Amino acid sequence: MIKEFLPVIRQWHHENKKIALARVIQTWGSSPRPVGSCMLISSNLEMSGSVSGGCVEGAVLKEAQQVFETGQCKRVTYGVSDEDAWAVGLSCGGKLQVYLQPWNEQWGSFLMDHLSSNQGCVMVTLLADGVDHTEIQSGTATENFSQGINAKAEAAYAQRIHRTVSVNGNDYFIQVFPPRSKVIMIGAAHITAALLQLAQDFDFETIVIDPRSTFARNTTFRVKPDQLVEKYPSEVLEQIALDPFTYAVILSHDPKIDDDALQVLLRSPVAYIGALGSRKNHEKRIARLKEKGFTEEEISRINAPIGIDIHAQGAKEIALSIMGDIIRAKNEFL
């Protein structure tokens, strides 16, 4: 994703270097990198990122030289069959298509501003050799393209999936830059502190909710949450966008707080709900929720015991098991 390259882009701009952008726009078979993978090349032929994990980067570098010389965009395909794969460096026998284009300051600045401020946007590029036709808009509106592209961009943005589409005989690549997914942690505790570090490492927005001032204010967070709210969950959660890219973790050990959160989360479209506690405590939780009118289907959304079973010992390992479960849920959706 381009966001991770922002420091490199700023540095190369500071050094007055031109930049070419190479993106994987389509794959077939066992491609080494997924659609949307990016590589940046400077006019000094420095590289950042990858389109194939090392297989065809040398060939892409040569194509980038032409992009710098001509200022023109270019679409290239690598890999044909298992027999011919080694010739182009694709030992897996897959096939991928890469689109190279000069970094344009107009759409580039707009994209960087959105990524820096965590605003979702969509990038639509007409896949034609020659002059660059790229449009970036907040959300899904693409002003300079047809209504047919708008509909496809909207669908891609909703699903957070990059794709190449054909409309009226032209091919377009739609790349989605959604806001960061978020992890909501109910309860400030030692596991919360460890989980915050992992959530930051994997670029999640973090929200910690705990009405207990003693915990909220006195827990030592080496990594600060993006938001720390000292209120009951039901007072806060309905003000937050609870969408399929939200992951909720129940950690307070206090049924008054945990159940208060679950009563909102279980009837929301969040992607993941995990709750800390033993099986015995979870059985008690199920009984309480049933008394509140929740169905078995709704209650079954709770992942409890929480996390992937790695026989975790201590807060850091428990946090690791929870983050593994969140990433599993995220990747299953994709």
# chains A, B, ... in the order shown; residues from 1 in each chain; ligands from 1
>>> residues_around(residues="A:Ser42", least_positions_apart="2", cutoff="6 Å", atoms="only C-alpha atoms", output="list in words")
Lys18, Ile19, Asn44, Leu45 and Glu46 of chain A
>>> closest_atom_pairs(of="stretch 128-196 of chain A", to="stretch 275-297 of chain A", cutoff="12 Å", atoms="only C-alpha atoms", output="CSV")
residue,atom,partner,partner_atom,distance
A:Ile184,CA,A:Ala275,CA,11.8
A:Met185,CA,A:Ala275,CA,10.0
A:Ile186,CA,A:Ala275,CA,9.3
A:Gly187,CA,A:Leu276,CA,10.5
A:Ala189,CA,A:Leu276,CA,11.7
A:Ile191,CA,A:Leu276,CA,10.0
A:Thr192,CA,A:Leu276,CA,11.1
>>> closest_residue(among="A:Asp203, A:Asp113, A:Glu4, A:Asp325", to="A:Gly49", atoms="only C-alpha atoms")
A:Glu4
>>> closest_residue(among="A:Phe110, A:Phe204, A:Tyr172, A:Phe221", to="A:Ala248", atoms="only C-alpha atoms")
A:Phe204
>>> residues_around(residues="stretch 231-236 of chain A", least_positions_apart="6", cutoff="7 Å", atoms="only C-alpha atoms", output="MDAnalysis selection string")
chainID A and resid 209:211 257 260:261 264
>>> write_last_selection(atoms="C-alpha atoms", output="PDB file, in the first residue's frame")
ATOM      1  CA  ILE A 209     -13.147   2.695  26.456  1.00  0.00           C
ATOM      2  CA  ASP A 210     -13.283   2.330  30.233  1.00  0.00           C
ATOM      3  CA  PRO A 211     -15.540   4.252  32.648  1.00  0.00           C
ATOM      4  CA  ILE A 257     -18.953  -2.927  31.472  1.00  0.00           C
ATOM      5  CA  ASP A 260     -22.948  -2.976  28.295  1.00  0.00           C
ATOM      6  CA  ALA A 261     -20.613  -3.107  25.299  1.00  0.00           C
ATOM      7  CA  VAL A 264     -24.446  -2.665  21.332  1.00  0.00           C
TER       8      VAL A 264
END
>>> closest_residue(among="A:Gln65, A:Gln97, A:Asn104, A:Thr219", to="A:Trp28", atoms="only C-alpha atoms")
A:Gln97
>>> select_by_dssp(residues="stretch 52-281 of chain A", states="strand (DSSP E or B)", output="JSON, numbers by chain")
{"A": [73, 74, 75, 76, 77, 78, 95, 96, 97, 98, 99, 100, 101, 102, 121, 122, 123, 124, 125, 126, 130, 134, 135, 136, 137, 138, 163, 164, 165, 166, 167, 170, 171, 172, 173, 174, 175, 176, 177, 182, 183, 184, 185, 186, 205, 206, 207, 208, 209, 227, 228, 229, 246, 247, 248, 249, 250, 272, 273, 274, 275]}
>>> closest_residue(among="A:Arg10, A:Lys224, A:Arg301, A:Lys330", to="A:Met112", atoms="only C-alpha atoms")
A:Arg10
>>> residues_around(residues="stretch 57-62 of chain A", least_positions_apart="2", cutoff="12 Å", atoms="only C-alpha atoms", output="number ranges by chain")
A: 19-24, 32-33, 38-55, 64-69, 74-79, 87-90, 96-101
>>> residues_around(residues="A:Gly274", least_positions_apart="6", cutoff="9 Å", atoms="only C-alpha atoms", output="ChimeraX atom specification")
/A:247-251,301-307,322,325-326
>>> atom_distance(atom1="atom CA of A:Ser268", atom2="atom CA of A:Ala155")
20.9 Å
>>> closest_residue(among="A:Ser181, A:Ala194, A:Leu127, A:Thr220", to="A:Val167", atoms="only C-alpha atoms")
A:Leu127
>>> closest_residue(among="A:His162, A:Thr134, A:His114, A:Asn150", to="A:Thr27", atoms="only C-alpha atoms")
A:His162
>>> decode(residues="stretch 249-333 of chain A", atoms="C-alpha atoms", output="CSV table (one decimal), in the first residue's frame")
chain,number,residue,atom,x,y,z
A,249,VAL,CA,-12.2,-6.7,22.1
A,250,ILE,CA,-13.8,-7.1,25.5
A,251,LEU,CA,-11.2,-7.0,28.3
A,252,SER,CA,-12.5,-5.3,31.4
A,253,HIS,CA,-13.4,-8.4,33.4
A,254,ASP,CA,-16.4,-6.4,34.8
A,255,PRO,CA,-19.8,-7.8,33.6
A,256,LYS,CA,-21.4,-4.3,34.0
A,257,ILE,CA,-19.0,-2.9,31.5
A,258,ASP,CA,-18.5,-6.0,29.2
A,259,ASP,CA,-22.3,-6.7,28.9
A,260,ASP,CA,-22.9,-3.0,28.3
A,261,ALA,CA,-20.6,-3.1,25.3
A,262,LEU,CA,-21.9,-6.4,24.0
A,263,GLN,CA,-25.5,-5.3,23.9
A,264,VAL,CA,-24.4,-2.7,21.3
A,265,LEU,CA,-21.8,-4.7,19.4
A,266,LEU,CA,-23.8,-7.9,18.9
A,267,ARG,CA,-26.4,-6.0,16.8
A,268,SER,CA,-23.8,-4.0,14.8
A,269,PRO,CA,-22.0,-5.0,11.6
A,270,VAL,CA,-18.5,-5.1,13.2
A,271,ALA,CA,-16.3,-7.8,11.8
A,272,TYR,CA,-15.1,-9.3,15.1
A,273,ILE,CA,-16.1,-9.5,18.7
A,274,GLY,CA,-13.8,-11.2,21.2
A,275,ALA,CA,-14.3,-11.5,24.9
A,276,LEU,CA,-11.7,-12.3,27.6
A,277,GLY,CA,-12.7,-14.9,30.2
A,278,SER,CA,-12.8,-18.6,31.0
A,279,ARG,CA,-15.4,-20.9,29.5
A,280,LYS,CA,-17.2,-20.9,32.9
A,281,ASN,CA,-17.4,-17.1,32.9
A,282,HIS,CA,-18.5,-17.2,29.3
A,283,GLU,CA,-21.4,-19.5,30.1
A,284,LYS,CA,-22.5,-17.0,32.7
A,285,ARG,CA,-22.2,-14.2,30.1
A,286,ILE,CA,-24.4,-16.2,27.7
A,287,ALA,CA,-27.0,-16.6,30.3
A,288,ARG,CA,-27.1,-12.9,31.0
A,289,LEU,CA,-27.3,-12.0,27.4
A,290,LYS,CA,-30.2,-14.5,26.8
A,291,GLU,CA,-32.0,-12.8,29.7
A,292,LYS,CA,-31.6,-9.5,27.8
A,293,GLY,CA,-33.3,-11.1,24.7
A,294,PHE,CA,-30.3,-11.9,22.6
A,295,THR,CA,-30.6,-15.0,20.4
A,296,GLU,CA,-28.1,-17.9,20.2
A,297,GLU,CA,-27.1,-16.8,16.7
A,298,GLU,CA,-26.3,-13.3,17.9
A,299,ILE,CA,-24.4,-14.6,20.9
A,300,SER,CA,-22.4,-17.0,18.8
A,301,ARG,CA,-20.7,-14.0,17.2
A,302,ILE,CA,-18.6,-13.7,20.4
A,303,ASN,CA,-15.1,-15.3,20.1
A,304,ALA,CA,-14.6,-16.8,23.5
A,305,PRO,CA,-12.2,-17.8,24.8
A,306,ILE,CA,-10.6,-15.0,22.9
A,307,GLY,CA,-7.7,-15.3,20.6
A,308,ILE,CA,-6.0,-18.0,18.6
A,309,ASP,CA,-4.9,-20.9,20.8
A,310,ILE,CA,-1.2,-20.6,21.2
A,311,HIS,CA,-1.2,-21.7,24.9
A,312,ALA,CA,-0.5,-18.1,25.7
A,313,GLN,CA,1.1,-17.2,29.0
A,314,GLY,CA,1.2,-13.6,30.2
A,315,ALA,CA,-0.2,-10.3,28.8
A,316,LYS,CA,2.0,-10.1,25.7
A,317,GLU,CA,1.3,-13.6,24.5
A,318,ILE,CA,-2.4,-13.2,25.1
A,319,ALA,CA,-2.3,-9.9,23.2
A,320,LEU,CA,-0.5,-11.7,20.3
A,321,SER,CA,-3.2,-14.4,20.2
A,322,ILE,CA,-5.9,-11.8,20.1
A,323,MET,CA,-4.2,-9.8,17.3
A,324,GLY,CA,-3.7,-13.1,15.4
A,325,ASP,CA,-7.4,-13.7,15.6
A,326,ILE,CA,-8.2,-10.2,14.5
A,327,ILE,CA,-5.9,-10.5,11.4
A,328,ARG,CA,-7.5,-13.9,10.6
A,329,ALA,CA,-11.0,-12.3,10.7
A,330,LYS,CA,-9.7,-9.4,8.5
A,331,ASN,CA,-8.1,-11.6,5.9
A,332,GLU,CA,-11.1,-14.0,5.8
A,333,PHE,CA,-13.2,-11.0,4.8
